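Source file: start.cif (mmCIF, C-alpha atoms)
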data_coords
loop_
_atom_site.label_atom_id
_atom_site.label_comp_id
_atom_site.auth_asym_id
_atom_site.auth_seq_id
_atom_site.Cartn_x
_atom_site.Cartn_y
_atom_site.Cartn_z
CA MET A 1 0.00 0.00 0.00
CA ARG A 2 2.85 2.39 0.88
CA LYS A 3 4.60 1.68 -2.44
CA PHE A 4 1.34 2.35 -4.29
CA LYS A 5 0.95 5.77 -2.59
CA LEU A 6 4.54 6.71 -3.47
CA LEU A 7 3.89 5.76 -7.10
CA ILE A 8 0.75 7.97 -7.24
CA ILE A 9 2.63 10.95 -5.73
CA SER A 10 5.46 10.47 -8.23
CA LEU A 11 3.04 10.47 -11.16
CA LEU A 12 1.29 13.59 -9.91
CA LEU A 13 4.60 15.47 -9.60
CA SER A 14 5.56 14.43 -13.12
CA VAL A 15 2.23 15.64 -14.56
CA SER A 16 2.35 18.98 -12.68
CA SER A 17 5.86 19.75 -13.88
CA PHE A 18 5.16 18.90 -17.53
CA PRO A 19 3.47 22.22 -18.53
CA ASN A 20 6.50 24.24 -17.35
CA TYR A 21 8.84 22.02 -19.31
CA ALA A 22 6.69 22.33 -22.39
CA HIS A 23 6.51 26.12 -22.01
CA GLU A 24 10.27 26.48 -21.73
CA ASN A 25 10.87 24.41 -24.85
CA GLU A 26 7.99 25.58 -27.01
CA PRO A 27 8.98 26.84 -30.49
CA LEU A 28 9.12 30.59 -30.94
CA PHE A 29 6.89 31.83 -33.76
CA ASN A 30 6.76 35.35 -35.21
CA GLN A 31 10.35 35.94 -34.17
CA VAL A 32 12.15 38.89 -35.79
CA ASN A 33 15.87 39.69 -35.73
CA LEU A 34 16.71 43.38 -35.40
CA GLN A 35 19.78 45.58 -35.26
CA ALA A 36 20.32 49.25 -34.44
CA GLN A 37 23.50 51.30 -34.41
CA ALA A 38 24.76 54.58 -33.00
CA GLU A 39 28.09 56.19 -33.77
CA ARG A 40 29.94 59.39 -32.96
CA GLU A 41 33.21 61.18 -33.49
CA ILE A 42 34.86 61.64 -30.09
CA PRO A 43 37.88 63.77 -29.15
CA ASN A 44 41.33 62.23 -29.04
CA ASP A 45 42.81 63.28 -25.71
CA GLN A 46 45.91 61.07 -25.64
CA LEU A 47 49.08 60.99 -27.73
CA THR A 48 51.34 57.95 -28.11
CA VAL A 49 54.77 58.35 -29.68
CA THR A 50 57.22 55.58 -30.56
CA LEU A 51 60.88 56.56 -30.91
CA ALA A 52 63.88 54.36 -31.62
CA VAL A 53 67.64 54.27 -31.20
CA GLU A 54 69.28 52.58 -34.19
CA GLU A 55 72.95 51.87 -34.68
CA GLU A 56 75.02 49.98 -37.22
CA GLY A 57 78.67 48.88 -37.15
CA LYS A 58 81.17 46.05 -37.20
CA GLU A 59 81.39 45.45 -33.45
CA ALA A 60 78.21 44.41 -31.65
CA VAL A 61 79.56 45.48 -28.24
CA LYS A 62 80.23 49.05 -29.36
CA ILE A 63 76.76 49.25 -30.93
CA ALA A 64 75.14 48.02 -27.73
CA ASN A 65 77.06 50.54 -25.63
CA LYS A 66 76.02 53.40 -27.90
CA ILE A 67 72.35 52.37 -27.80
CA ASN A 68 72.48 52.04 -24.01
CA GLN A 69 73.97 55.53 -23.70
CA ASP A 70 71.38 57.12 -25.96
CA MET A 71 68.50 55.34 -24.25
CA ALA A 72 69.78 56.29 -20.79
CA TRP A 73 70.02 59.90 -21.98
CA ALA A 74 66.44 59.79 -23.30
CA LEU A 75 65.05 58.22 -20.12
CA LYS A 76 66.74 60.88 -18.01
CA ILE A 77 65.06 63.64 -20.03
CA VAL A 78 61.70 61.92 -19.92
CA GLY A 79 62.07 61.33 -16.18
CA GLU A 80 62.18 65.05 -15.50
CA GLY A 81 58.41 65.26 -16.08
CA ASN A 82 55.71 63.25 -14.30
CA GLU A 83 52.99 63.47 -16.96
CA ILE A 84 54.55 60.96 -19.37
CA ALA A 85 53.96 57.20 -19.26
CA THR A 86 57.19 55.53 -20.42
CA ARG A 87 57.88 52.04 -21.70
CA THR A 88 61.07 50.69 -23.26
CA GLN A 89 60.66 47.87 -25.74
CA ALA A 90 62.85 44.93 -26.67
CA TYR A 91 66.46 45.36 -27.77
CA ASN A 92 67.08 43.57 -31.08
CA THR A 93 70.31 42.87 -32.95
CA TYR A 94 70.52 41.71 -36.58
CA PRO A 95 73.56 40.57 -38.60
CA ILE A 96 74.48 42.33 -41.83
CA TYR A 97 75.50 39.89 -44.57
CA ASP A 98 77.59 40.17 -47.69
CA LYS A 99 77.53 36.95 -49.72
CA ARG A 100 76.58 34.85 -46.66
CA THR A 101 79.37 36.42 -44.59
CA ILE A 102 78.55 38.60 -41.58
CA ILE A 103 80.21 41.95 -42.12
CA GLY A 104 78.51 43.94 -39.37
CA TRP A 105 75.58 44.34 -37.01
CA ARG A 106 72.46 46.46 -36.81
CA ALA A 107 70.69 47.03 -33.50
CA ILE A 108 67.54 48.85 -32.46
CA GLN A 109 65.64 49.62 -29.28
CA GLN A 110 62.34 51.47 -29.10
CA LEU A 111 60.86 53.81 -26.53
CA GLU A 112 57.12 54.39 -26.19
CA LEU A 113 55.81 57.60 -24.63
CA LYS A 114 52.16 58.27 -23.82
CA SER A 115 50.46 61.30 -22.30
CA THR A 116 47.22 63.25 -22.17
CA ASN A 117 49.25 66.47 -22.06
CA ILE A 118 49.82 66.65 -25.79
CA THR A 119 51.70 69.95 -25.68
CA VAL A 120 54.25 68.70 -23.15
CA LEU A 121 54.81 65.43 -25.01
CA SER A 122 55.21 67.20 -28.36
CA GLU A 123 57.87 69.50 -26.88
CA LEU A 124 59.61 66.49 -25.33
CA VAL A 125 59.69 64.70 -28.68
CA GLY A 126 61.36 67.78 -30.17
CA LYS A 127 64.20 67.42 -27.64
CA LEU A 128 64.58 63.67 -28.09
CA GLN A 129 64.89 63.90 -31.87
CA SER A 130 68.52 64.96 -31.58
CA ARG A 131 69.45 61.35 -30.73
CA LEU A 132 66.33 59.25 -31.35
CA GLN A 133 64.19 58.75 -34.45
CA VAL A 134 60.43 59.17 -34.36
CA LYS A 135 58.82 56.04 -35.81
CA ASN A 136 55.15 56.92 -35.45
CA MET A 137 52.72 59.10 -33.55
CA ASN A 138 49.16 58.09 -32.79
CA PHE A 139 46.25 59.96 -31.23
CA SER A 140 43.51 58.10 -29.40
CA PRO A 141 40.84 58.67 -26.76
CA THR A 142 41.69 57.62 -23.21
CA ARG A 143 39.80 54.67 -21.76
CA GLY A 144 37.76 56.98 -19.53
CA THR A 145 36.72 59.17 -22.45
CA GLN A 146 35.79 56.17 -24.58
CA VAL A 147 33.66 54.57 -21.84
CA GLN A 148 31.86 57.86 -21.22
CA TYR A 149 30.81 58.18 -24.86
CA GLU A 150 30.08 54.46 -25.23
CA ASN A 151 27.55 54.67 -22.38
CA GLU A 152 25.83 57.57 -24.13
CA LEU A 153 25.77 55.66 -27.41
CA ILE A 154 24.28 52.58 -25.73
CA GLU A 155 21.36 54.78 -24.70
CA GLU A 156 20.96 56.04 -28.28
CA ALA A 157 21.25 52.56 -29.80
CA MET A 158 18.66 51.12 -27.39
CA ILE A 159 16.20 53.91 -28.29
CA ALA A 160 16.77 53.18 -32.00
CA PHE A 161 16.28 49.44 -31.36
CA LYS A 162 12.92 50.05 -29.66
CA GLN A 163 11.85 52.38 -32.47
CA ARG A 164 12.44 49.60 -34.98
CA ILE A 165 10.39 47.22 -32.87
CA ASN A 166 7.49 49.69 -32.98
CA ILE A 167 7.80 50.06 -36.75
CA ILE A 168 7.51 46.30 -37.26
CA LYS A 169 4.73 46.05 -34.68
CA LYS A 170 2.47 48.18 -36.91
CA HIS A 171 2.53 45.44 -39.55
CA MET A 172 2.06 42.44 -37.24
CA ASP A 173 -1.28 40.85 -36.27
CA GLU A 174 0.06 40.05 -32.80
CA LYS A 175 0.64 43.19 -30.73
CA ASN A 176 2.37 41.78 -27.66
CA VAL A 177 6.17 41.86 -27.82
CA ARG A 178 8.94 40.32 -25.79
CA ILE A 179 12.70 40.43 -26.27
CA VAL A 180 14.09 36.92 -26.71
CA ASN A 181 17.77 37.90 -26.64
CA LEU A 182 19.81 41.08 -26.80
CA HIS A 183 23.45 41.79 -27.65
CA VAL A 184 25.34 45.05 -27.14
CA ASN A 185 28.64 45.48 -28.96
CA THR A 186 30.90 48.47 -28.35
CA GLY A 187 33.46 48.97 -31.11
CA GLY A 188 36.85 50.47 -30.29
CA GLY A 189 37.87 53.94 -31.36
CA HIS A 190 39.58 54.16 -34.75
CA SER A 191 42.06 56.95 -35.26
CA ARG A 192 44.57 57.64 -37.99
CA PRO A 193 48.24 57.07 -37.00
CA ILE A 194 50.74 59.77 -37.94
CA TYR A 195 53.86 58.22 -39.43
CA ALA A 196 57.03 60.23 -39.10
CA GLU A 197 59.05 61.22 -42.14
CA SER A 198 62.58 60.27 -41.06
CA ARG A 199 64.31 62.78 -43.35
CA MET A 200 62.09 65.64 -42.32
CA MET A 201 62.44 64.76 -38.64
CA ALA A 202 66.22 64.68 -38.95
CA MET A 203 66.24 68.20 -40.40
CA ASP A 204 63.77 69.73 -37.96
CA LYS A 205 64.51 69.13 -34.28
CA SER A 206 61.72 71.38 -33.03
CA ALA A 207 58.50 70.06 -31.55
CA PRO A 208 56.35 68.50 -34.30
CA ALA A 209 53.15 70.31 -35.24
CA VAL A 210 50.31 67.89 -34.52
CA GLU A 211 46.52 67.90 -34.57
CA ALA A 212 44.72 65.57 -32.15
CA GLY A 213 41.59 65.14 -34.28
CA THR A 214 38.84 62.66 -33.43
CA SER A 215 38.11 58.94 -33.41
CA LYS A 216 34.91 57.22 -34.48
CA ILE A 217 33.28 54.83 -32.02
CA THR A 218 30.28 52.65 -32.76
CA VAL A 219 27.77 50.84 -30.55
CA THR A 220 25.55 48.15 -32.05
CA VAL A 221 22.49 46.64 -30.37
CA SER A 222 21.14 43.47 -31.94
CA GLY A 223 18.72 40.81 -30.84
CA SER A 224 15.52 38.89 -31.42
CA VAL A 225 11.97 39.83 -30.49
CA GLN A 226 8.80 37.74 -30.57
CA PHE A 227 5.32 38.98 -31.38
CA PHE A 228 2.54 36.99 -29.69
#

Re-express the file's structure as structure tokens.
Amino acid sequence: MRKFKLLIISLLLSVSSFPNYAHENEPLFNQVNLQAQAEREIPNDQLTVTLAVEEEGKEAVKIANKINQDMAWALKIVGEGNEIATRTQAYNTYPIYDKRTIIGWRAIQQLELKSTNITVLSELVGKLQSRLQVKNMNFSPTRGTQVQYENELIEEAMIAFKQRINIIKKHMDEKNVRIVNLHVNTGGGHSRPIYAESRMMAMDKSAPAVEAGTSKITVTVSGSVQFF
């Protein structure tokens, strides 16, 4: 008798839970995929400059010593200010060949400088050009600036997404709507790098004339909605 009661209770639980299972796995009809986008030009408030010390000669030790001296000199000048983020990159040495015979060595080490004080960094680059070569300069928005504008664009993209739902709703028989899934994608800022002209830089040791410009950022909201 006890086993029979347990069997009845088990069957009742199975039957009561079936509608929920069926509801969770029911096919979604009248489902529409939508996408909305918002974009904006935002100010570049950060400058990144890559400089390099390059030497060439027959003795690798002498080349290394010269590069070390020039880099130490550059770091000392950079260290005088506290608004510049500094990072030295790898030291690389390459053999120079003549008919499969090594006749000398070429070495290079790069220095990356980054700052939101564009005027100070530009003046500093002018000083460093006497012994270092400017490889490229790139403007970009800081992370804080980018997040600020991305949040504003998310608001705009969500409004545009809802507007598109309402447009489609006018042409649907079913007027109830629910969002099935939603994706928000924030694209990174795209700015144009400024590549240094080595010959021009060698002739002019003054601070380079630069324009920060803007970067374009894009936020895309996509997802699926169901009319029922």

Identify, on the basis of only C-alpha atoms, every residue whose closest approach to Gln226 (chain A) does not exceed 6 Å; exclude the query and any residue fewer than 2 positions from it along the same chain; express the result as a PyMOL selection string. chain A and resi 30-31+177-178

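When the PyMOL selection byres ((chain A and resi 142) around 8) is evaluated on the file shown here, the picked residues come out as Asn44, Asp45, Gln46, Thr116, Ser140, Pro141, Arg143, Gly144, Thr145 and Gln146 of chain A.
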
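Taking all atoms listed in the file into account, Val225 (chain A) lies nearest to A:Lys162 out of the set A:His171, A:Arg106, A:Lys62, A:Lys162.
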
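Using all atoms listed in the file for every distance, the candidate list A:Glu41, A:Asn82, A:Ser130, A:Ser115 yields A:Ser130 as the residue closest to Val53 (chain A).
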
Taken to one decimal, the CA of Ser222 (chain A)-CA of Ile165 (chain A) distance is 11.4 Å

Report the distance between CA of Ala85 (chain A) and CA of Leu153 (chain A) in Å, rounded to one decimal place. 29.4 Å
